[in-house]
Amino acid sequence: MIPPVDASARSAATAHLDRMAKPRGSLGRLEDLIVWSAGVQGRCPPAPFTAPRVVVVAGDHRVARLVGTSAYPPDVTAQMVTAMVGGVAAVNVLADRVGASVRTVDAGVDSDYPGLDVPDSVTCHRIRSGAGAIDREDALTPSELAAALDLGHALVAEEVGAGGDLLVIGDMGIGNTTPAAALVAALTDGDPVTTTGRGTGVDDATWMRKVTVVRDALWRCRDDRDDPLELLRRMGGPDLAVMTGALLGAAESGVPVLLDGSVVTAAALVAHAIEPGAAAWWCAAHRSAEPNHAIALAALDLDPLIDVGMRLGEASGALVALPVLQAALALADGMATFESAGVADRDGPDGPDTGGQTP
């Protein structure tokens, strides 16, 4: 059961914004962030998040190996998991800058990490080694789907239990933009050519193979368009299913989520189809260069904070956007009101005539 966000806190935040010592609406999108944060925190003014926690879910997809849908070999997934564990991946660098913790979970990496140092705490949750090739077989069995969704819920419970007040979910997996494109196409009645992007920067020939995989997956699952869980099972993978479970679990627990890029947002689209009320607990961090990301965000009615052309994954875009969210909350929590600053009331609908400057 998804609880509603706090409507009274949202209303109070809107009124608080009108009292703040500035022309009405002069903070632009930051004002939307303040109202959203008030609703998910249940307080006004909302406060900056103090314990953001990143969970990167890793998994491989066999279409990358069997068909060749990526510019990089599948072995890169295991190598990048090792880099994350070692604290030297992009997600680690960015998380350190914003005071976020990073946890890496192997949900479906197709490797035993030969010669690599990866602790059991990362691999112990693995659902299976690589998702089935979705153009010819199901990505998961029913029992694997159930286990992945449960794992997503459990990860949220652990992170919240450890004090997390904002969840950031990231992805890592060679080939994972292919099932993301398929899921977005299925859930938005989209075309494979429109929803399939360049992923890791593939050439034209590889992109055409990728489009063909998405087309074949959509045809294979054509009778399941109205069943988001079955689409996730047949066209997703263990990593996408874990993300879906985590997004649902966060909303059920009243924990806000800062959404990252196309793969995570594809999982969010599945979660939204299962429980539409969950989307109220999510904030879109950025717009990826992957075309299906914009399509999924539009379907979720989410407007991203930034658009800098990123397509890395790993929660990197969300961590670049997080300071924008924190800046909005710092203003809400610390900025003077007209009354406390001793500034006269507004002269009109846009506030006092200050020459465009904050009084």
# chains A, B, ... in the order shown; residues from 1 in each chain; ligands from 1

call {"tool": "select_by_dssp", "arguments": {"residues": "range 97-307 of chain A", "states": "helix (DSSP H, G or I)", "output": "PyMOL selection string"}}
result
chain A and resi 97-98+120-123+142-161+177-188+192-195+204-220+222-224+228-235+238-253+262-274+276-281+291-300

call {"tool": "write_last_selection", "arguments": {"atoms": "C-alpha atoms", "output": "short mmCIF file (atom, residue, chain, number, x, y, z; two decimals), in the first residue's frame"}}
result
data_model
loop_
_atom_site.label_atom_id
_atom_site.label_comp_id
_atom_site.auth_asym_id
_atom_site.auth_seq_id
_atom_site.Cartn_x
_atom_site.Cartn_y
_atom_site.Cartn_z
CA ARG A 97 31.45 15.11 -2.85
CA VAL A 98 27.85 15.11 -1.62
CA ASP A 120 30.68 -11.87 -0.54
CA SER A 121 28.52 -8.99 0.68
CA VAL A 122 28.24 -7.85 -2.94
CA THR A 123 27.65 -11.25 -4.58
CA PRO A 142 8.56 -16.50 -12.02
CA SER A 143 10.50 -17.51 -8.90
CA GLU A 144 13.46 -15.35 -9.90
CA LEU A 145 11.18 -12.37 -10.42
CA ALA A 146 9.66 -12.83 -6.96
CA ALA A 147 13.11 -13.13 -5.39
CA ALA A 148 14.33 -9.99 -7.16
CA LEU A 149 11.35 -7.91 -6.08
CA ASP A 150 11.77 -9.13 -2.51
CA LEU A 151 15.46 -8.23 -2.61
CA GLY A 152 14.62 -4.70 -3.72
CA HIS A 153 12.26 -4.29 -0.77
CA ALA A 154 14.86 -5.74 1.60
CA LEU A 155 17.60 -3.39 0.38
CA VAL A 156 15.38 -0.38 1.06
CA ALA A 157 14.56 -1.65 4.54
CA GLU A 158 18.26 -2.07 5.30
CA GLU A 159 19.26 1.34 4.00
CA VAL A 160 16.44 3.11 5.81
CA GLY A 161 17.17 1.11 8.95
CA THR A 177 19.84 -0.24 -22.01
CA THR A 178 18.39 -2.86 -24.38
CA PRO A 179 15.78 -4.24 -21.93
CA ALA A 180 15.18 -0.68 -20.71
CA ALA A 181 14.30 0.36 -24.26
CA ALA A 182 12.02 -2.68 -24.64
CA LEU A 183 10.17 -2.01 -21.39
CA VAL A 184 9.65 1.67 -22.17
CA ALA A 185 8.39 0.81 -25.65
CA ALA A 186 5.99 -1.81 -24.26
CA LEU A 187 4.62 0.45 -21.52
CA THR A 188 4.22 3.56 -23.71
CA PRO A 192 11.74 0.30 -31.15
CA VAL A 193 13.50 2.81 -33.39
CA THR A 194 12.31 5.67 -31.18
CA THR A 195 13.05 4.09 -27.81
CA ASP A 204 25.15 2.14 -36.67
CA ALA A 205 25.44 -1.61 -37.25
CA THR A 206 25.32 -2.37 -33.52
CA TRP A 207 22.41 0.03 -33.02
CA MET A 208 20.46 -1.77 -35.75
CA ARG A 209 21.06 -5.12 -34.04
CA LYS A 210 19.88 -3.55 -30.80
CA VAL A 211 16.71 -2.25 -32.43
CA THR A 212 16.05 -5.72 -33.82
CA VAL A 213 16.37 -7.25 -30.35
CA VAL A 214 13.87 -4.73 -28.94
CA ARG A 215 11.49 -5.35 -31.84
CA ASP A 216 11.67 -9.12 -31.41
CA ALA A 217 11.19 -8.86 -27.64
CA LEU A 218 8.11 -6.70 -28.12
CA TRP A 219 6.65 -9.16 -30.59
CA ARG A 220 7.41 -12.13 -28.34
CA ARG A 222 2.87 -8.77 -27.42
CA ASP A 223 0.12 -10.42 -25.35
CA ASP A 224 1.51 -9.06 -22.07
CA PRO A 228 3.71 -4.86 -16.09
CA LEU A 229 4.99 -7.66 -13.87
CA GLU A 230 4.96 -10.14 -16.72
CA LEU A 231 6.69 -7.63 -18.99
CA LEU A 232 9.35 -7.16 -16.32
CA ARG A 233 9.81 -10.92 -16.01
CA ARG A 234 10.02 -11.57 -19.73
CA MET A 235 11.81 -8.43 -20.97
CA PRO A 238 17.26 -9.39 -12.27
CA ASP A 239 18.78 -5.92 -11.97
CA LEU A 240 15.70 -4.15 -13.34
CA ALA A 241 13.44 -6.28 -11.15
CA VAL A 242 15.47 -5.46 -8.03
CA MET A 243 15.26 -1.75 -8.90
CA THR A 244 11.51 -2.05 -9.38
CA GLY A 245 11.16 -3.73 -6.00
CA ALA A 246 13.30 -1.04 -4.38
CA LEU A 247 11.27 1.78 -5.92
CA LEU A 248 8.03 0.20 -4.73
CA GLY A 249 9.51 -0.55 -1.32
CA ALA A 250 10.70 3.03 -0.89
CA ALA A 251 7.28 4.44 -1.74
CA GLU A 252 5.55 1.96 0.55
CA SER A 253 7.91 3.02 3.36
CA SER A 262 17.22 5.57 -18.41
CA VAL A 263 17.60 2.12 -16.87
CA VAL A 264 16.41 3.14 -13.41
CA THR A 265 13.58 5.18 -14.93
CA ALA A 266 12.50 2.18 -17.02
CA ALA A 267 12.17 0.28 -13.73
CA ALA A 268 10.27 3.27 -12.32
CA LEU A 269 7.87 3.08 -15.26
CA VAL A 270 7.18 -0.56 -14.42
CA ALA A 271 6.71 0.30 -10.74
CA HIS A 272 4.35 3.14 -11.70
CA ALA A 273 2.29 0.74 -13.82
CA ILE A 274 2.01 -1.55 -10.80
CA PRO A 276 0.71 4.65 -9.80
CA GLY A 277 0.85 6.39 -6.41
CA ALA A 278 4.53 5.51 -6.06
CA ALA A 279 5.62 8.23 -8.48
CA ALA A 280 4.73 10.96 -5.97
CA TRP A 281 7.74 9.82 -3.91
CA PRO A 291 15.93 8.67 -26.07
CA ASN A 292 13.73 6.32 -24.04
CA HIS A 293 14.56 8.26 -20.89
CA ALA A 294 12.69 11.36 -22.04
CA ILE A 295 9.77 9.16 -23.11
CA ALA A 296 9.63 7.44 -19.71
CA LEU A 297 9.90 10.74 -17.81
CA ALA A 298 7.02 12.16 -19.83
CA ALA A 299 4.91 9.08 -19.07
CA LEU A 300 5.68 9.55 -15.36
#

call {"tool": "residues_around", "arguments": {"residues": "Gln79 in chain A", "least_positions_apart": "2", "cutoff": "12 Å", "atoms": "only C-alpha atoms", "output": "list in words"}}
result
Ala58, Tyr72, Pro73, Pro74, Asp75, Val76, Thr77, Val81, Thr82, Ala83, Met84, Val85, Gly86, Val88, Ala89, Val109, Asp110, Ser111, Asp112, Tyr113, Pro114, Gly115, Leu116, Asp117, Val118, Met172, Gly173 and Ile174 of chain A

call {"tool": "closest_atom_pairs", "arguments": {"of": "range 93-161 of chain A", "to": "range 64-70 of chain A", "cutoff": "12 Å", "atoms": "only C-alpha atoms", "output": "Markdown table"}}
result
| residue | atom | partner | partner_atom | distance |
| --- | --- | --- | --- | --- |
| A:Asp110 | CA | A:Arg65 | CA | 10.3 |
| A:Gly130 | CA | A:Arg65 | CA | 10.1 |
| A:Ala131 | CA | A:Ala64 | CA | 10.2 |
| A:Gly132 | CA | A:Leu66 | CA | 10.3 |
| A:Ala133 | CA | A:Leu66 | CA | 7.7 |
| A:Ile134 | CA | A:Ala64 | CA | 10.5 |
| A:Asp135 | CA | A:Val67 | CA | 9.5 |
| A:Arg136 | CA | A:Leu66 | CA | 10.7 |

call {"tool": "write_last_selection", "arguments": {"atoms": "N, CA and C atoms", "output": "PDB file, in the first residue's frame"}}
result
ATOM      1  N   ASP A 110      27.111 -11.839 -14.846  1.00  0.00           N
ATOM      2  CA  ASP A 110      27.438 -13.135 -15.458  1.00  0.00           C
ATOM      3  C   ASP A 110      28.943 -13.379 -15.378  1.00  0.00           C
ATOM      4  N   GLY A 130      23.210 -13.380 -15.253  1.00  0.00           N
ATOM      5  CA  GLY A 130      22.812 -12.824 -16.540  1.00  0.00           C
ATOM      6  C   GLY A 130      21.356 -13.089 -16.869  1.00  0.00           C
ATOM      7  N   ALA A 131      20.682 -12.063 -17.339  1.00  0.00           N
ATOM      8  CA  ALA A 131      19.285 -12.206 -17.756  1.00  0.00           C
ATOM      9  C   ALA A 131      19.216 -12.973 -19.072  1.00  0.00           C
ATOM     10  N   GLY A 132      18.125 -13.690 -19.252  1.00  0.00           N
ATOM     11  CA  GLY A 132      17.915 -14.373 -20.518  1.00  0.00           C
ATOM     12  C   GLY A 132      17.886 -13.394 -21.675  1.00  0.00           C
ATOM     13  N   ALA A 133      18.294 -13.869 -22.854  1.00  0.00           N
ATOM     14  CA  ALA A 133      18.306 -13.023 -24.052  1.00  0.00           C
ATOM     15  C   ALA A 133      16.868 -12.750 -24.479  1.00  0.00           C
ATOM     16  N   ILE A 134      16.423 -11.512 -24.314  1.00  0.00           N
ATOM     17  CA  ILE A 134      14.990 -11.213 -24.378  1.00  0.00           C
ATOM     18  C   ILE A 134      14.402 -11.310 -25.773  1.00  0.00           C
ATOM     19  N   ASP A 135      15.226 -11.379 -26.798  1.00  0.00           N
ATOM     20  CA  ASP A 135      14.675 -11.527 -28.141  1.00  0.00           C
ATOM     21  C   ASP A 135      14.228 -12.956 -28.432  1.00  0.00           C
ATOM     22  N   ARG A 136      14.626 -13.905 -27.555  1.00  0.00           N
ATOM     23  CA  ARG A 136      14.325 -15.319 -27.808  1.00  0.00           C
ATOM     24  C   ARG A 136      13.869 -16.090 -26.581  1.00  0.00           C
TER      25      ARG A 136
END

call {"tool": "select_by_dssp", "arguments": {"residues": "range 147-185 of chain A", "states": "strand (DSSP E or B)", "output": "ChimeraX atom specification"}}
result
/A:166-172

call {"tool": "write_last_selection", "arguments": {"atoms": "C-alpha atoms", "output": "short mmCIF file (atom, residue, chain, number, x, y, z; two decimals), in the first residue's frame"}}
result
data_model
loop_
_atom_site.label_atom_id
_atom_site.label_comp_id
_atom_site.auth_asym_id
_atom_site.auth_seq_id
_atom_site.Cartn_x
_atom_site.Cartn_y
_atom_site.Cartn_z
CA LEU A 166 16.96 9.80 0.59
CA LEU A 167 17.50 6.83 -1.71
CA VAL A 168 19.42 7.04 -4.98
CA ILE A 169 19.34 3.93 -7.17
CA GLY A 170 21.98 3.35 -9.81
CA ASP A 171 22.59 0.73 -12.48
CA MET A 172 25.63 -1.05 -13.85
#
